[in-house]
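Visitor: My questions will all concern the structure given below.
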Amino acid sequence: MQKILNVDFLGCPDAPAASPEKIDGIYEGLISGKEAFTGWATLPGRANAAETARIREAAGRIRAQSEALVVIGIGGSYLGARAAMEILGRYGAEPGAPEVLFAGQNISGTYHAELLDRLRGKDVSLCVVSKSGTTTEPNIAFAVLKELLAEKYGKAEAAGRIYAITDPSAGTLRAEADAEGYESFSIPPDIGGRYSVLTPVGLLPMAAAGIDVEAVLAGARRAGELDLRAVAGTMAATRKALLDSGKTVEIFEQYEPALFYFAEWLKQLHGESEGKDGTGLFPAALSFSTDLHSMGQFLQEGKQIFFETVLDVKEPQRDLTVPAGADALLAGKSMNAVNRAAKEGVIAAHRAAGIPVIKVGIPDLSPATFGQLIYFFELVCAFTGRLMGVDPFNQPGVEQYKKEMKRLLAE
Ligand code: PA5
């Protein structure tokens, strides 16, 4: 029996847009197969057993041949796998899994030089992810890491250590994968990067790290069931009502460092989906209690342009007892209990200051709960975009800087 997410709305405005009929209508459109880039909406329910089996086989080969797997990608081709590794990669993963490292999510020479140093004495495989196959950052990192593999193993063996995830037919990465005989997987053309975690983009790195991908998919299916879909609808309508009331910033807050990259994934999902046509909530993220010591002042007394979405993990993976050497108030207590007191204390203080809070109760950090979280927030985002009247599946604005960068490089 899966444990289920739950959401509390504290001090939030009523959300009339959440009429069940309206949300049902939006959902029917998403799963109709008639709306562009909505393939993700039906993905958990139509998980392809043959493809999942091939992902598992490839993952087994990666584990057998490597001490380190480098996942190369950026944005939607990176953040989901990174979030999964941080949450699930350290607990419950099979022993013997390779260390999973990331490249191509920045253009820093220092980062990539240090990564090469770290990889030199190790057996390495690469998982290169790019839907377009033309993105600058992964393009550079892939070239750098291919060279390392060719030096280590020779070109032929190197090709057997490269796994490409890209468009089924278009782009230079697809052409190279086919020409060089890399094992490859396809990103369905009707699924955009930020909605692609439950495709091979997220599933292959997860499986290579020994994470139970069937459990992740089962969790995603659970999030699509009527009760959680209705909660996602209420959350979407509440977010829209908060925006309409002048709260233009949504701050995702977590008290478990393992959720740092999940919050980064949320920032991309919501920022790219809703920030267009002059509207949208600006998504921000804070790590507590760390950031209470830097941003706590602003939250409590600064300009009230925001509301808070608290990611509230009920059962963290591990705990410690605070030893007698600490202050009397703390000694003997469970560290998680102290963390919980910090969380409830912050919520009480912020509620007293009139800050609206959406509290997302996350039962645990298991693969099934991770799957629920992914699909639940994809629904929240798609519903909110539709309620805001924007297209939550395009990102026309991200092309502008790329044009400018290419112009400067050509000069
Ligand atoms: O969500 C998106 O569409 C983007 O973040 C892309 O995933 C990102 O720009 C990487 O693109 P690509 O997978 O084509 O390399």
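A note on labels: chains of the structure tokens are A, B, ... as shown, every chain counts residues from 1, and ligands are counted from 1 in their shown order.
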Mind listing the residues within 7 Å of ligand 1, only C-alpha atoms and all ligand atoms counted, as a ChimeraX atom specification?
Guide: /A:73-77,129-135,138,192-194,395
Visitor: What does the file look like for those residues with N, CA, C and O atoms, as an mmCIF file, in the first residue's frame?
Guide:
```cif
data_model
loop_
_atom_site.group_PDB
_atom_site.id
_atom_site.type_symbol
_atom_site.label_atom_id
_atom_site.label_comp_id
_atom_site.auth_asym_id
_atom_site.auth_seq_id
_atom_site.Cartn_x
_atom_site.Cartn_y
_atom_site.Cartn_z
ATOM 1 N N GLY A 73 23.977 16.403 -19.653
ATOM 2 C CA GLY A 73 22.739 17.042 -20.097
ATOM 3 C C GLY A 73 22.506 18.307 -19.291
ATOM 4 O O GLY A 73 23.208 18.571 -18.303
ATOM 5 N N ILE A 74 21.509 19.071 -19.693
ATOM 6 C CA ILE A 74 21.195 20.336 -18.992
ATOM 7 C C ILE A 74 19.680 20.546 -18.974
ATOM 8 O O ILE A 74 18.967 19.987 -19.820
ATOM 9 N N GLY A 75 19.210 21.365 -18.043
ATOM 10 C CA GLY A 75 17.772 21.689 -17.966
ATOM 11 C C GLY A 75 16.952 20.428 -17.763
ATOM 12 O O GLY A 75 17.258 19.585 -16.909
ATOM 13 N N GLY A 76 15.952 20.260 -18.593
ATOM 14 C CA GLY A 76 15.083 19.095 -18.484
ATOM 15 C C GLY A 76 15.797 17.790 -18.779
ATOM 16 O O GLY A 76 15.300 16.713 -18.449
ATOM 17 N N SER A 77 16.949 17.861 -19.393
ATOM 18 C CA SER A 77 17.717 16.644 -19.682
ATOM 19 C C SER A 77 18.712 16.347 -18.560
ATOM 20 O O SER A 77 19.635 15.557 -18.756
ATOM 21 N N VAL A 129 22.395 12.944 -22.793
ATOM 22 C CA VAL A 129 20.961 13.210 -22.941
ATOM 23 C C VAL A 129 20.764 14.573 -23.599
ATOM 24 O O VAL A 129 21.165 15.595 -23.041
ATOM 25 N N SER A 130 20.159 14.581 -24.768
ATOM 26 C CA SER A 130 19.803 15.853 -25.384
ATOM 27 C C SER A 130 18.694 15.594 -26.384
ATOM 28 O O SER A 130 18.876 14.841 -27.339
ATOM 29 N N LYS A 131 17.545 16.213 -26.134
ATOM 30 C CA LYS A 131 16.419 15.967 -27.038
ATOM 31 C C LYS A 131 16.712 16.553 -28.416
ATOM 32 O O LYS A 131 16.528 15.890 -29.429
ATOM 33 N N SER A 132 17.195 17.796 -28.424
ATOM 34 C CA SER A 132 17.485 18.429 -29.711
ATOM 35 C C SER A 132 18.770 17.869 -30.308
ATOM 36 O O SER A 132 18.948 17.841 -31.514
ATOM 37 N N GLY A 133 19.668 17.445 -29.417
ATOM 38 C CA GLY A 133 20.973 16.964 -29.892
ATOM 39 C C GLY A 133 21.889 18.098 -30.314
ATOM 40 O O GLY A 133 22.960 17.855 -30.873
ATOM 41 N N THR A 134 21.506 19.332 -30.039
ATOM 42 C CA THR A 134 22.320 20.460 -30.514
ATOM 43 C C THR A 134 22.669 21.451 -29.403
ATOM 44 O O THR A 134 23.190 22.525 -29.689
ATOM 45 N N THR A 135 22.379 21.135 -28.160
ATOM 46 C CA THR A 135 22.572 22.109 -27.075
ATOM 47 C C THR A 135 24.059 22.289 -26.754
ATOM 48 O O THR A 135 24.798 21.297 -26.635
ATOM 49 N N PRO A 138 25.912 20.366 -23.258
ATOM 50 C CA PRO A 138 26.199 18.926 -23.373
ATOM 51 C C PRO A 138 27.067 18.599 -24.578
ATOM 52 O O PRO A 138 27.850 17.639 -24.536
ATOM 53 N N GLY A 192 8.137 17.380 -23.672
ATOM 54 C CA GLY A 192 9.203 18.389 -23.562
ATOM 55 C C GLY A 192 10.177 18.038 -22.439
ATOM 56 O O GLY A 192 9.854 17.237 -21.549
ATOM 57 N N GLY A 193 11.362 18.658 -22.468
ATOM 58 C CA GLY A 193 12.441 18.330 -21.532
ATOM 59 C C GLY A 193 12.005 18.302 -20.081
ATOM 60 O O GLY A 193 12.260 17.336 -19.350
ATOM 61 N N ARG A 194 11.320 19.352 -19.628
ATOM 62 C CA ARG A 194 11.024 19.446 -18.187
ATOM 63 C C ARG A 194 9.948 18.465 -17.740
ATOM 64 O O ARG A 194 9.731 18.302 -16.538
ATOM 65 N N GLN A 395 8.558 27.103 -24.649
ATOM 66 C CA GLN A 395 9.538 27.960 -23.974
ATOM 67 C C GLN A 395 10.202 28.875 -25.007
ATOM 68 O O GLN A 395 11.414 28.822 -25.201
#
```
Visitor: Got a sec: who's within 9 Å of A:Gly104, counting only C-alpha atoms, leaving out chain neighbours fewer than 2 positions off, as number ranges by chain?
Guide: A: 71-74, 78, 102, 106-108, 112, 136-142
Visitor: Quick one: residues within 8 Å of stretch 55-58 of chain A, only C-alpha atoms counted, chain neighbours fewer than 2 positions away excluded, as a ChimeraX atom specification?
Guide: /A:51-53,60-62,200,203-204,207-208
Visitor: Take the selection from the previous step and output its residues with C-alpha atoms, as a compact mmCIF listing (two decimals), in the first residue's frame.
Guide:
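Final file, out16.txt:
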```txt
# COMPACT_ATOMS: atom_id res chain seq x y z
CA GLU A 51 11.41 -0.46 -23.11
CA THR A 52 11.59 -0.74 -19.31
CA ALA A 53 13.20 -4.18 -19.76
CA GLY A 60 22.95 -3.88 -15.77
CA ARG A 61 25.67 -3.44 -18.40
CA ILE A 62 26.53 0.02 -17.08
CA PRO A 200 14.50 7.06 -20.38
CA LEU A 203 14.75 6.17 -15.84
CA LEU A 204 18.09 5.01 -17.30
CA ALA A 207 18.11 2.16 -13.06
CA ALA A 208 21.91 2.35 -13.42
```
Visitor: May I ask for the distance between atom CA of A:Pro205 and atom CA of A:Ala47, given in Å to one decimal place?
Guide: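 So the two atoms, atom CA of A:Pro205 and atom CA of A:Ala47, lie 16.9 Å apart.
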Visitor: Any idea what's packed within 12 Å of A:Leu387, counting only C-alpha atoms, ignoring anything in its chain fewer than 4 positions away? Could you give it as number ranges by chain?
Guide: A: 15-19, 22-23, 25-27, 233-241, 243-244, 274, 279-280, 380-383, 391-392
